[in-house]
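Trainee: Input: one structure, supplied below.
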Amino acid sequence: AILMAMGPMDRPNPLTENVIELVHSISHAFIKRAAVFAGIERSALSEVVLPAAFSFFVYAAARGDFVLGGLQALFESDLHHLLDGMVDDEHRCALDPGCEDTGGACAVCLHLGEPSCRMFNTRLSRKALSGGLGYFDVTTSPS
């Protein structure tokens, strides 16, 4: 039903914009946490966002030194901790309330280095992830 209501990616309607924002924000939150869990620089990871498939790919960037072992160990033994953390961990920013007042995405909370983000850190918001109506907000029940 969501796919049918979404418009084409080249002329997005409000629902399409919301899906792009959600998928892109989840991708950045995942990369930031994966880098910490794997013990690698977040600039060593890049993304491909596929909003029409409600998904994204994270891959090792082709620049600099990168050891795949940390990422492999993360996926083999600690992926559940990373995913649980995406839902349960704090979603506030150290620069709040300023960050939240200007869209809820900044260099401290969701932005990645420009080479890592093909969308140049646009269409991001912590509000899509948490904060009352966010995807990971498990404190409210659907009405």
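Residues are referred to by chain and number: the chain letter is A, B, ... according to the order shown in the structure tokens, the number counts from 1 in that chain, and ligands are numbered separately from 1 in the order shown.
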Report the residues of chain A whose backbone DSSP state falls under helix (DSSP H, G or I), written as an MDAnalysis selection string.
Mentor: chainID A and resid 2:5 14:38 42:44 51:53 68:88 98:101 114:116 126:128
Trainee: Quick one: residues within 6 Å of A:Glu21, only C-alpha atoms counted, chain neighbours fewer than 3 positions away excluded, as a ChimeraX atom specification?
Mentor: /A:18,24-25,123-124
Trainee: Could you please take those selected residues and save C-alpha atoms as a PDB file, in the first residue's frame?
Mentor:
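Result went into again-v1.pdb, see below:
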ATOM      1  CA  ASN A  18       8.921  10.834   4.327  1.00  0.00           C
ATOM      2  CA  HIS A  24      18.240   7.662   4.818  1.00  0.00           C
ATOM      3  CA  SER A  25      18.154   8.512   8.545  1.00  0.00           C
ATOM      4  CA  ARG A 123      16.742  14.429   3.888  1.00  0.00           C
ATOM      5  CA  LEU A 124      17.845  13.425   7.386  1.00  0.00           C
TER       6      LEU A 124
END
Trainee: Using only C-alpha atoms, which residues sit within 12 Å of A:Met4 once same-chain residues fewer than 2 positions away are excluded, as number ranges by chain?
Mentor: A: 1-2, 6-8, 13, 15-16, 52
Trainee: I need the strand (DSSP E) residues of stretch 6-82 of chain A per DSSP on the backbone, written as a list in words.
Mentor: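 The residues of stretch 6-82 of chain A classed as strand (DSSP E) are Leu45, Ser46, Glu47, Val48, Val49, Leu50, Ser55, Phe56, Phe57, Val58, Tyr59 and Ala60 of chain A.
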Trainee: Export all heavy atoms of the chosen residues as a tab-separated table (two decimals), in the first residue's frame?
Mentor:
chain	number	residue	atom	x	y	z
A	45	LEU	N	33.06	3.73	5.66
A	45	LEU	CA	31.82	3.11	5.19
A	45	LEU	C	31.05	4.11	4.33
A	45	LEU	O	31.07	5.31	4.59
A	45	LEU	CB	30.95	2.68	6.38
A	45	LEU	CG	31.57	1.66	7.32
A	45	LEU	CD1	30.67	1.43	8.52
A	45	LEU	CD2	31.83	0.35	6.60
A	46	SER	N	30.38	3.59	3.33
A	46	SER	CA	29.52	4.41	2.47
A	46	SER	C	28.16	3.73	2.36
A	46	SER	O	27.99	2.59	2.80
A	46	SER	CB	30.14	4.57	1.08
A	46	SER	OG	31.28	5.37	1.14
A	47	GLU	N	27.22	4.42	1.74
A	47	GLU	CA	25.86	3.91	1.66
A	47	GLU	C	25.30	4.04	0.26
A	47	GLU	O	25.73	4.88	-0.52
A	47	GLU	CB	24.95	4.70	2.61
A	47	GLU	CG	24.81	6.15	2.15
A	47	GLU	CD	23.90	7.00	3.01
A	47	GLU	OE1	23.21	6.48	3.88
A	47	GLU	OE2	23.87	8.21	2.75
A	48	VAL	N	24.34	3.19	-0.02
A	48	VAL	CA	23.46	3.33	-1.17
A	48	VAL	C	22.05	3.21	-0.61
A	48	VAL	O	21.72	2.20	0.02
A	48	VAL	CB	23.70	2.24	-2.24
A	48	VAL	CG1	22.68	2.35	-3.36
A	48	VAL	CG2	25.11	2.35	-2.79
A	49	VAL	N	21.24	4.24	-0.77
A	49	VAL	CA	19.89	4.27	-0.23
A	49	VAL	C	18.91	3.91	-1.34
A	49	VAL	O	18.95	4.48	-2.42
A	49	VAL	CB	19.56	5.67	0.35
A	49	VAL	CG1	18.14	5.72	0.87
A	49	VAL	CG2	20.55	6.02	1.45
A	50	LEU	N	18.03	2.94	-1.05
A	50	LEU	CA	17.02	2.48	-2.00
A	50	LEU	C	15.64	2.65	-1.37
A	50	LEU	O	15.04	1.70	-0.88
A	50	LEU	CB	17.26	1.02	-2.37
A	50	LEU	CG	18.65	0.68	-2.92
A	50	LEU	CD1	18.86	-0.81	-2.98
A	50	LEU	CD2	18.84	1.33	-4.27
A	55	SER	N	15.10	0.11	1.83
A	55	SER	CA	16.35	-0.50	2.26
A	55	SER	C	17.55	0.36	1.89
A	55	SER	O	17.41	1.38	1.22
A	55	SER	CB	16.50	-1.88	1.61
A	55	SER	OG	16.51	-1.77	0.21
A	56	PHE	N	18.70	-0.08	2.35
A	56	PHE	CA	19.96	0.58	2.05
A	56	PHE	C	21.07	-0.46	2.11
A	56	PHE	O	20.91	-1.52	2.71
A	56	PHE	CB	20.25	1.73	3.03
A	56	PHE	CG	20.31	1.31	4.47
A	56	PHE	CD1	21.50	0.92	5.05
A	56	PHE	CD2	19.16	1.31	5.25
A	56	PHE	CE1	21.56	0.52	6.37
A	56	PHE	CE2	19.21	0.91	6.58
A	56	PHE	CZ	20.41	0.52	7.14
A	57	PHE	N	22.16	-0.15	1.44
A	57	PHE	CA	23.37	-0.97	1.49
A	57	PHE	C	24.45	-0.16	2.18
A	57	PHE	O	24.58	1.03	1.94
A	57	PHE	CB	23.88	-1.33	0.08
A	57	PHE	CG	23.00	-2.29	-0.66
A	57	PHE	CD1	22.13	-1.83	-1.64
A	57	PHE	CD2	23.06	-3.64	-0.39
A	57	PHE	CE1	21.33	-2.70	-2.33
A	57	PHE	CE2	22.26	-4.52	-1.09
A	57	PHE	CZ	21.39	-4.06	-2.06
A	58	VAL	N	25.23	-0.81	3.00
A	58	VAL	CA	26.42	-0.21	3.59
A	58	VAL	C	27.60	-1.02	3.09
A	58	VAL	O	27.58	-2.25	3.13
A	58	VAL	CB	26.36	-0.25	5.14
A	58	VAL	CG1	27.66	0.24	5.74
A	58	VAL	CG2	25.19	0.58	5.64
A	59	TYR	N	28.61	-0.33	2.60
A	59	TYR	CA	29.77	-1.02	2.04
A	59	TYR	C	31.04	-0.29	2.42
A	59	TYR	O	31.02	0.87	2.80
A	59	TYR	CB	29.64	-1.15	0.52
A	59	TYR	CG	29.61	0.16	-0.22
A	59	TYR	CD1	30.77	0.73	-0.72
A	59	TYR	CD2	28.41	0.84	-0.40
A	59	TYR	CE1	30.74	1.94	-1.39
A	59	TYR	CE2	28.37	2.05	-1.07
A	59	TYR	CZ	29.53	2.59	-1.56
A	59	TYR	OH	29.51	3.80	-2.21
A	60	ALA	N	32.15	-1.00	2.32
A	60	ALA	CA	33.45	-0.43	2.62
A	60	ALA	C	33.84	0.53	1.50
A	60	ALA	O	33.81	0.16	0.33
A	60	ALA	CB	34.50	-1.52	2.76
Trainee: For A:Leu22, list every protein, DNA or RNA residue within 9 Å, evaluated using only C-alpha atoms, and leave out those in the same chain fewer than 3 positions away; present the list as an mmCIF file with C-alpha atoms, in the first residue's frame.
Mentor:
data_model
loop_
_atom_site.group_PDB
_atom_site.id
_atom_site.type_symbol
_atom_site.label_atom_id
_atom_site.label_comp_id
_atom_site.auth_asym_id
_atom_site.auth_seq_id
_atom_site.Cartn_x
_atom_site.Cartn_y
_atom_site.Cartn_z
ATOM 1 C CA GLU A 17 9.734 12.353 0.916
ATOM 2 C CA ASN A 18 8.921 10.834 4.327
ATOM 3 C CA VAL A 19 10.050 7.354 3.223
ATOM 4 C CA SER A 25 18.154 8.512 8.545
ATOM 5 C CA ILE A 26 18.193 4.814 9.493
ATOM 6 C CA SER A 27 21.140 4.292 7.151
ATOM 7 C CA PRO A 51 13.842 4.110 -0.663
ATOM 8 C CA PHE A 54 12.690 0.442 1.952
ATOM 9 C CA ARG A 123 16.742 14.429 3.888
ATOM 10 C CA LEU A 124 17.845 13.425 7.386
ATOM 11 C CA SER A 125 16.011 13.814 10.674
ATOM 12 C CA ARG A 126 16.136 12.227 14.112
ATOM 13 C CA LYS A 127 12.393 12.922 14.310
ATOM 14 C CA ALA A 128 11.877 10.179 11.723
ATOM 15 C CA LEU A 129 13.626 7.750 14.084
ATOM 16 C CA GLY A 134 9.418 8.198 15.028
ATOM 17 C CA TYR A 135 9.896 4.719 13.636
#
Trainee: Using only C-alpha atoms, which of A:Pro97, A:Met86, A:Gly39, A:His80 sits nearest A:Leu68?
Mentor: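 The answer is A:Gly39, which sits nearest to A:Leu68.
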Trainee: Would you work out the distance separating atom CA of A:Cys109 from atom CA of A:Ala73, expressed in Å to one decimal?
Mentor: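 Taking atom CA of A:Cys109 and atom CA of A:Ala73, their separation equals 24.8 Å.
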Trainee: For A:Asp88, which of A:Phe136, A:Phe37, A:Phe30, A:Pro14 is the closest residue, counting only C-alpha atoms?
Mentor: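 Of A:Phe136, A:Phe37, A:Phe30, A:Pro14, the one nearest A:Asp88, counting only C-alpha atoms, is A:Phe136.
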